[in-house]
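This is run_19.txt. It holds compact mmCIF, C-alpha atoms.
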```
# COMPACT_ATOMS: atom_id res chain seq x y z
CA MET A 1 -28.20 64.37 69.33
CA LYS A 2 -28.53 66.17 72.65
CA ALA A 3 -30.68 69.33 72.49
CA LEU A 4 -32.75 71.72 74.58
CA VAL A 5 -36.24 71.01 73.27
CA MET A 6 -39.27 73.31 73.38
CA ASP A 7 -42.40 71.13 73.58
CA ALA A 8 -44.96 73.82 74.45
CA VAL A 9 -45.28 77.60 74.61
CA GLY A 10 -44.35 79.01 77.99
CA LYS A 11 -43.59 75.61 79.55
CA PRO A 12 -40.16 74.59 80.91
CA MET A 13 -37.76 73.27 78.28
CA ALA A 14 -35.64 70.19 78.91
CA VAL A 15 -32.42 68.75 77.52
CA LYS A 16 -33.15 65.43 75.85
CA GLU A 17 -32.29 63.28 72.85
CA ALA A 18 -33.68 64.77 69.64
CA PRO A 19 -33.48 63.84 65.95
CA ALA A 20 -30.44 65.25 64.18
CA PRO A 21 -31.28 67.65 61.32
CA GLU A 22 -31.04 66.34 57.79
CA CYS A 23 -28.63 68.03 55.40
CA PRO A 24 -30.40 69.63 52.42
CA ALA A 25 -28.81 69.42 48.97
CA ASN A 26 -27.93 73.14 49.04
CA GLY A 27 -27.27 73.33 52.76
CA ALA A 28 -24.92 72.17 55.48
CA ILE A 29 -24.90 70.73 58.97
CA VAL A 30 -22.94 72.63 61.62
CA ARG A 31 -21.52 70.98 64.72
CA VAL A 32 -22.37 73.73 67.18
CA GLN A 33 -19.49 74.94 69.34
CA ALA A 34 -21.27 77.94 70.86
CA CYS A 35 -24.74 79.50 70.80
CA GLY A 36 -25.88 82.78 72.28
CA ILE A 37 -29.09 82.93 74.30
CA CYS A 38 -31.04 85.83 72.82
CA ARG A 39 -34.17 87.63 73.98
CA SER A 40 -35.66 86.57 70.64
CA ASP A 41 -35.47 83.00 71.94
CA TRP A 42 -37.49 84.17 74.95
CA HIS A 43 -40.05 85.80 72.63
CA MET A 44 -40.43 82.56 70.68
CA TRP A 45 -40.75 80.57 73.91
CA MET A 46 -43.50 82.97 75.03
CA GLY A 47 -45.38 82.58 71.74
CA ASP A 48 -44.88 86.19 70.70
CA TRP A 49 -45.02 87.59 67.16
CA THR A 50 -47.98 85.54 65.97
CA TRP A 51 -49.40 88.95 65.01
CA ILE A 52 -46.68 89.22 62.33
CA GLY A 53 -46.89 85.65 61.17
CA PHE A 54 -44.32 83.85 63.33
CA GLU A 55 -45.30 80.41 64.58
CA SER A 56 -43.23 77.62 66.09
CA HIS A 57 -43.94 74.10 64.90
CA LEU A 58 -43.59 72.09 68.09
CA PRO A 59 -41.57 70.35 69.31
CA THR A 60 -38.67 72.53 68.19
CA VAL A 61 -35.09 73.40 69.02
CA LEU A 62 -34.52 77.15 69.34
CA GLY A 63 -31.17 78.95 69.20
CA HIS A 64 -30.31 81.18 66.23
CA GLU A 65 -27.00 82.70 67.41
CA PHE A 66 -24.72 79.78 66.69
CA ALA A 67 -21.17 79.25 65.50
CA GLY A 68 -19.34 76.02 64.88
CA VAL A 69 -17.65 73.70 62.41
CA ILE A 70 -19.10 72.38 59.18
CA GLU A 71 -19.90 68.69 59.72
CA GLU A 72 -21.54 67.89 56.39
CA VAL A 73 -22.32 69.69 53.13
CA GLY A 74 -24.97 68.95 50.53
CA PRO A 75 -23.97 67.98 46.97
CA GLU A 76 -24.89 71.42 45.57
CA VAL A 77 -22.62 73.34 47.97
CA LYS A 78 -19.45 74.70 46.31
CA LYS A 79 -17.88 77.18 48.76
CA LEU A 80 -17.76 75.16 51.99
CA LYS A 81 -16.09 71.99 53.13
CA ARG A 82 -16.09 69.84 56.23
CA GLY A 83 -14.07 71.49 59.00
CA ASP A 84 -14.71 75.12 58.00
CA ARG A 85 -15.37 77.46 60.94
CA VAL A 86 -18.59 79.44 60.43
CA VAL A 87 -21.14 81.67 62.10
CA ALA A 88 -24.77 81.41 61.05
CA PRO A 89 -26.60 84.69 60.38
CA LEU A 90 -30.02 85.19 61.92
CA SER A 91 -31.54 85.69 58.46
CA GLN A 92 -30.75 82.51 56.59
CA ALA A 93 -31.90 83.87 53.24
CA CYS A 94 -32.76 82.13 49.98
CA GLY A 95 -30.20 84.08 47.90
CA THR A 96 -32.41 84.48 44.85
CA CYS A 97 -35.44 86.62 45.72
CA GLU A 98 -35.72 90.37 45.12
CA ASP A 99 -34.61 91.17 48.68
CA CYS A 100 -31.49 89.02 48.35
CA THR A 101 -30.48 90.16 44.85
CA SER A 102 -30.89 93.83 45.81
CA GLY A 103 -28.57 93.51 48.82
CA HIS A 104 -31.22 93.19 51.52
CA SER A 105 -30.91 89.52 52.42
CA ASN A 106 -31.64 90.46 56.04
CA LEU A 107 -35.27 90.94 54.99
CA CYS A 108 -35.56 87.45 53.51
CA PHE A 109 -36.35 84.50 55.76
CA GLY A 110 -36.72 82.05 52.90
CA GLY A 111 -34.26 79.60 54.38
CA SER A 112 -34.41 80.43 58.07
CA SER A 113 -33.93 77.75 60.66
CA ALA A 114 -32.74 77.71 64.24
CA GLY A 115 -31.40 74.71 66.11
CA GLY A 116 -28.38 76.18 67.90
CA PHE A 117 -29.55 74.76 71.23
CA GLY A 118 -28.53 71.34 69.92
CA GLN A 119 -25.26 69.63 69.10
CA LEU A 120 -26.01 69.83 65.38
CA ALA A 121 -27.81 72.61 63.49
CA ARG A 122 -28.96 73.06 59.92
CA LEU A 123 -27.63 75.85 57.71
CA ALA A 124 -29.89 76.57 54.75
CA PHE A 125 -28.63 77.75 51.34
CA ALA A 126 -25.15 77.36 52.75
CA ASP A 127 -23.10 78.97 49.96
CA PHE A 128 -25.11 82.16 50.38
CA ASN A 129 -25.53 82.21 54.16
CA ALA A 130 -22.40 80.79 55.77
CA VAL A 131 -20.05 83.42 57.17
CA LYS A 132 -16.55 82.07 57.62
CA LEU A 133 -14.96 82.78 60.97
CA HIS A 134 -11.27 83.69 61.25
CA GLN A 135 -9.15 81.68 63.68
CA SER A 136 -8.55 84.84 65.74
CA ILE A 137 -12.25 84.93 66.72
CA ASP A 138 -13.27 82.19 69.12
CA PHE A 139 -16.60 80.42 68.80
CA ALA A 140 -18.24 82.11 71.80
CA GLU A 141 -17.46 85.55 70.39
CA GLY A 142 -18.56 84.40 66.95
CA ALA A 143 -21.87 83.18 68.32
CA SER A 144 -22.46 86.53 70.01
CA MET A 145 -22.48 88.05 66.51
CA GLY A 146 -25.32 85.92 65.17
CA CYS A 147 -28.22 88.26 65.98
CA ARG A 148 -28.00 91.03 68.58
CA TYR A 149 -24.58 92.38 67.67
CA VAL A 150 -25.14 92.36 63.92
CA THR A 151 -28.59 93.92 64.28
CA ALA A 152 -27.06 96.72 66.33
CA TYR A 153 -24.22 97.13 63.81
CA HIS A 154 -26.70 97.40 60.94
CA GLY A 155 -28.82 99.85 62.92
CA ILE A 156 -25.97 102.12 63.98
CA MET A 157 -23.77 101.95 60.89
CA ASP A 158 -26.15 101.39 57.99
CA GLN A 159 -29.55 102.68 59.07
CA ALA A 160 -28.76 105.67 61.31
CA ARG A 161 -25.27 106.21 59.80
CA VAL A 162 -23.99 107.57 63.09
CA LYS A 163 -21.15 110.11 62.86
CA ALA A 164 -18.32 110.86 65.26
CA ASP A 165 -19.68 114.26 66.31
CA GLU A 166 -23.17 113.01 67.17
CA SER A 167 -24.92 112.07 70.38
CA VAL A 168 -26.72 108.72 70.57
CA VAL A 169 -29.13 107.59 73.29
CA ILE A 170 -29.74 103.87 73.78
CA TYR A 171 -32.85 102.79 75.70
CA GLY A 172 -32.37 99.31 77.17
CA CYS A 173 -28.99 97.81 78.09
CA GLY A 174 -29.60 94.18 77.27
CA GLY A 175 -27.50 92.36 74.69
CA VAL A 176 -28.56 94.41 71.68
CA GLY A 177 -28.44 97.71 73.61
CA LEU A 178 -24.92 97.02 74.88
CA SER A 179 -23.89 96.08 71.35
CA ALA A 180 -25.26 99.36 70.01
CA ILE A 181 -23.42 101.28 72.73
CA GLN A 182 -20.08 99.69 71.87
CA ILE A 183 -20.53 100.13 68.12
CA ALA A 184 -21.66 103.78 68.33
CA ALA A 185 -18.77 104.60 70.69
CA SER A 186 -16.31 102.91 68.30
CA VAL A 187 -17.04 105.51 65.62
CA GLY A 188 -16.62 108.39 68.07
CA ALA A 189 -20.23 109.16 68.99
CA ARG A 190 -21.12 110.34 72.51
CA VAL A 191 -23.38 107.62 73.88
CA ILE A 192 -25.98 107.91 76.62
CA ALA A 193 -27.30 104.62 78.06
CA VAL A 194 -30.72 104.41 79.74
CA ASP A 195 -31.94 101.48 81.86
CA LEU A 196 -33.56 100.65 85.19
CA ASP A 197 -30.75 98.44 86.49
CA ASP A 198 -27.51 99.91 87.82
CA ARG A 199 -25.66 96.64 87.09
CA LYS A 200 -26.48 96.97 83.41
CA LEU A 201 -25.57 100.65 83.41
CA GLU A 202 -22.16 99.85 84.91
CA LEU A 203 -21.55 97.37 82.10
CA ALA A 204 -22.72 100.01 79.62
CA LYS A 205 -20.06 102.41 80.91
CA SER A 206 -17.40 99.74 80.56
CA VAL A 207 -18.21 99.20 76.86
CA GLY A 208 -18.34 102.83 75.83
CA ALA A 209 -21.25 104.82 77.29
CA ALA A 210 -20.18 108.38 78.14
CA HIS A 211 -23.23 108.92 80.37
CA VAL A 212 -25.76 106.63 82.02
CA VAL A 213 -29.28 107.40 83.20
CA ASN A 214 -31.29 105.25 85.59
CA ALA A 215 -34.89 105.85 84.46
CA LYS A 216 -36.16 104.46 87.77
CA ASN A 217 -34.82 107.55 89.55
CA THR A 218 -34.73 110.23 86.82
CA ASP A 219 -36.92 111.47 83.98
CA PRO A 220 -34.82 110.02 81.14
CA VAL A 221 -36.13 112.33 78.41
CA GLN A 222 -35.26 115.45 80.37
CA ALA A 223 -31.90 113.99 81.39
CA VAL A 224 -31.00 113.28 77.76
CA LYS A 225 -32.06 116.78 76.67
CA ASP A 226 -29.95 118.32 79.45
CA LEU A 227 -26.89 116.21 78.55
CA THR A 228 -27.19 116.97 74.83
CA HIS A 229 -28.36 120.59 75.07
CA GLY A 230 -31.63 119.94 73.33
CA GLY A 231 -31.83 116.29 72.36
CA ALA A 232 -29.86 113.44 70.84
CA HIS A 233 -29.10 113.17 67.15
CA VAL A 234 -29.95 109.45 67.21
CA SER A 235 -32.11 107.34 69.52
CA VAL A 236 -32.37 103.57 69.74
CA ASP A 237 -35.09 101.53 71.41
CA ALA A 238 -33.32 98.27 72.12
CA LEU A 239 -36.11 96.79 74.26
CA GLY A 240 -39.41 97.04 72.40
CA ILE A 241 -41.95 98.19 74.96
CA ALA A 242 -44.17 101.23 74.50
CA THR A 243 -42.44 103.31 77.18
CA THR A 244 -38.91 102.92 75.80
CA CYS A 245 -40.04 103.51 72.21
CA GLN A 246 -41.91 106.68 73.12
CA ASN A 247 -39.16 108.00 75.40
CA ALA A 248 -36.54 107.35 72.74
CA LEU A 249 -38.47 109.43 70.20
CA MET A 250 -39.11 112.20 72.74
CA SER A 251 -35.35 112.34 73.45
CA LEU A 252 -34.46 113.49 69.92
CA ARG A 253 -33.54 116.95 68.72
CA LYS A 254 -35.00 118.39 65.52
CA LEU A 255 -34.09 116.28 62.46
CA GLY A 256 -33.21 113.40 64.77
CA ARG A 257 -33.22 109.75 63.67
CA HIS A 258 -34.83 106.96 65.65
CA VAL A 259 -33.82 103.32 65.17
CA GLN A 260 -36.28 100.68 66.37
CA ILE A 261 -34.52 97.41 67.16
CA GLY A 262 -36.59 95.98 69.99
CA LEU A 263 -39.63 93.91 69.01
CA THR A 264 -42.79 94.04 71.08
CA THR A 265 -44.39 91.54 73.45
CA GLN A 266 -47.94 90.32 74.12
CA LYS A 267 -48.76 93.64 75.80
CA GLU A 268 -48.20 95.78 72.69
CA LYS A 269 -48.73 93.14 69.96
CA GLY A 270 -46.80 95.36 67.58
CA GLN A 271 -48.84 98.50 68.21
CA VAL A 272 -47.28 101.55 69.93
CA ALA A 273 -48.76 105.07 70.04
CA LEU A 274 -46.33 107.64 68.62
CA PRO A 275 -46.07 111.45 69.01
CA ILE A 276 -47.08 112.16 65.40
CA ASP A 277 -47.20 115.96 65.71
CA LEU A 278 -43.66 116.04 67.09
CA ILE A 279 -42.48 113.70 64.33
CA VAL A 280 -43.95 116.07 61.71
CA LEU A 281 -42.91 119.42 63.21
CA ALA A 282 -39.37 118.30 64.15
CA GLU A 283 -38.97 116.27 60.93
CA LEU A 284 -37.94 113.17 62.83
CA GLN A 285 -37.04 109.97 60.99
CA ILE A 286 -38.02 106.47 62.15
CA MET A 287 -36.33 103.35 60.82
CA GLY A 288 -36.12 99.70 61.76
CA SER A 289 -33.07 97.47 61.99
CA SER A 290 -33.48 93.76 61.39
CA SER A 291 -30.41 91.51 61.42
CA ILE A 292 -27.80 92.40 58.77
CA PRO A 293 -27.30 91.67 55.06
CA THR A 294 -24.82 88.81 54.75
CA TRP A 295 -22.53 90.89 52.51
CA ARG A 296 -21.98 93.35 55.41
CA TYR A 297 -20.48 90.72 57.73
CA PRO A 298 -16.88 91.07 56.43
CA ALA A 299 -16.69 94.79 57.28
CA MET A 300 -17.88 94.14 60.82
CA LEU A 301 -15.59 91.14 61.30
CA GLU A 302 -12.62 93.16 60.09
CA MET A 303 -13.33 95.72 62.81
CA VAL A 304 -13.37 92.87 65.33
CA GLU A 305 -10.10 91.44 64.03
CA ARG A 306 -8.47 94.90 64.23
CA GLY A 307 -9.69 95.42 67.78
CA LYS A 308 -12.02 98.30 66.93
CA LEU A 309 -14.96 96.21 68.14
CA ALA A 310 -14.88 93.67 70.96
CA PRO A 311 -18.07 91.60 71.26
CA ARG A 312 -16.32 89.38 73.82
CA LYS A 313 -16.58 92.24 76.34
CA LEU A 314 -20.35 91.82 76.31
CA ILE A 315 -20.19 88.13 77.20
CA THR A 316 -20.72 87.83 80.94
CA ASN A 317 -21.47 84.11 81.19
CA THR A 318 -20.52 80.90 79.37
CA ILE A 319 -22.56 77.89 80.39
CA PRO A 320 -23.39 74.25 79.61
CA LEU A 321 -26.52 73.45 77.61
CA GLU A 322 -28.25 72.18 80.76
CA GLN A 323 -28.29 75.71 82.23
CA ALA A 324 -29.68 77.45 79.14
CA PHE A 325 -33.35 77.32 80.05
CA GLY A 326 -32.60 79.01 83.36
CA VAL A 327 -31.17 81.97 81.45
CA ILE A 328 -34.27 82.14 79.21
CA ASP A 329 -36.56 82.00 82.23
CA GLN A 330 -34.65 84.88 83.87
CA MET A 331 -35.48 87.06 80.88
CA SER A 332 -39.10 87.17 82.02
CA ARG A 333 -37.89 89.21 85.00
CA PHE A 334 -35.15 91.19 83.19
CA GLU A 335 -32.56 89.70 85.55
CA ASN A 336 -29.89 88.98 82.92
CA VAL A 337 -26.81 91.17 82.66
CA GLY A 338 -24.81 91.02 79.43
CA ILE A 339 -24.78 88.11 77.02
CA SER A 340 -24.86 84.43 78.00
CA VAL A 341 -23.37 81.90 75.59
CA ILE A 342 -23.66 78.10 75.64
CA ASN A 343 -20.25 76.62 74.92
CA GLN A 344 -20.53 73.18 76.53
CA PHE A 345 -22.66 70.59 74.73
```
Here is a file; write its structure as structure tokens.
Amino acid sequence: MKALVMDAVGKPMAVKEAPAPECPANGAIVRVQACGICRSDWHMWMGDWTWIGFESHLPTVLGHEFAGVIEEVGPEVKKLKRGDRVVAPLSQACGTCEDCTSGHSNLCFGGSSAGGFGQLARLAFADFNAVKLHQSIDFAEGASMGCRYVTAYHGIMDQARVKADESVVIYGCGGVGLSAIQIAASVGARVIAVDLDDRKLELAKSVGAAHVVNAKNTDPVQAVKDLTHGGAHVSVDALGIATTCQNALMSLRKLGRHVQIGLTTQKEKGQVALPIDLIVLAELQIMGSSSIPTWRYPAMLEMVERGKLAPRKLITNTIPLEQAFGVIDQMSRFENVGISVINQF
């Protein structure tokens, strides 16, 4: 099959012929119709997250935000058939461990595999992991809900449990930040978007931000406190660098909730200094948001089908596979605006 292959950390990737994945007995093979290009792909390309146990076995085919059509199913698969339209969740879970059986399959990576930057991709434990895609949702939009959008949905709806009368500040207006903005606005929250790029802030306004703050020109913490008369109810760090994490926490009012979505880079290696005294005295809460439990997909997809959520508005670019590495390379310089999706293989 044709695929964008990663041969070495930090080196240019090239489109070439690669072995097609084999179908496991309990899995499926998906003919990829669309795959989002996520900052997590950039992290993996840069060799990040070794400090938490992630390691790429090279050569490899990245791409975890994929949607497509079932090409083949293993003999143990009961719920899928050839031709079904599906989206693959980031956390391809095993379905049987304690995390999975307690409703937290997003914390299980027992079956995880990528491969969406190729014409064919493997879906592990297919009966448990495959999310069927309604005909009203096209593949590009479906692919955009494989990682960033669902992680934001889980963070806003399940972790922070944002309410209509609350203020929410989002630090970082990349794909996951824009997703969080749209989702928080959809439930009636007043959203403040913070970034360094006016292009990204304009897009943030178009998907639901009530206010935008360019942190290059303004002290964002003070701006948020002025806009909210004391601090936001909820803050989200959607980037994962020390400055945005710390500023997000400092932007909260008493009893505020912070959601950490962004993962760190080589600079932080997972370690960020936090204002502990403020956390104690203001009784702040800190929580993470990683992907989404598979059982929560239907609720989110129903909101998309009813028009309450519109992931397609975050897609700014659809491209052929040959241009995908250029998008990943741009992420090193934070040049990307919105979400890019491969839809030509």
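Picture a line from CA of Lys200 in chain A to CA of Ile339 in chain A; it runs 11.1 Å.
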Q. Excluding same-chain residues fewer than 2 positions from His134 in chain A, what lies within 12 Å of it counting only C-alpha atoms, as number ranges by chain?
A. A: 67-69, 84-87, 131-132, 136-139, 141-142, 298, 301-302, 304-306
Q | Option closest in space to Gly175 in chain A, from A:Leu314, A:Ala299, A:Val272, A:Ile156 [counting only C-alpha atoms] | A | A:Leu314
Q) Within 8 Å of Leu255 in chain A, counting all atoms listed in the file, which residues qualify if same-chain residues fewer than 2 places away don't, as a PyMOL selection string? A) chain A and resi 233+252-253+257+282-285
**Q.** All residues 6 Å or closer to Val212 in chain A, only C-alpha atoms, same chain fewer than 4 positions away omitted, as number ranges by chain
**A.** A: 192-194
Q | Which of A:Val15, A:Ala88, A:Gly307, A:Thr244 sits closest to Ala324 in chain A [using all atoms listed in the file] | A |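 Ranked by minimum distance to Ala324 in chain A, first place goes to A:Val15.
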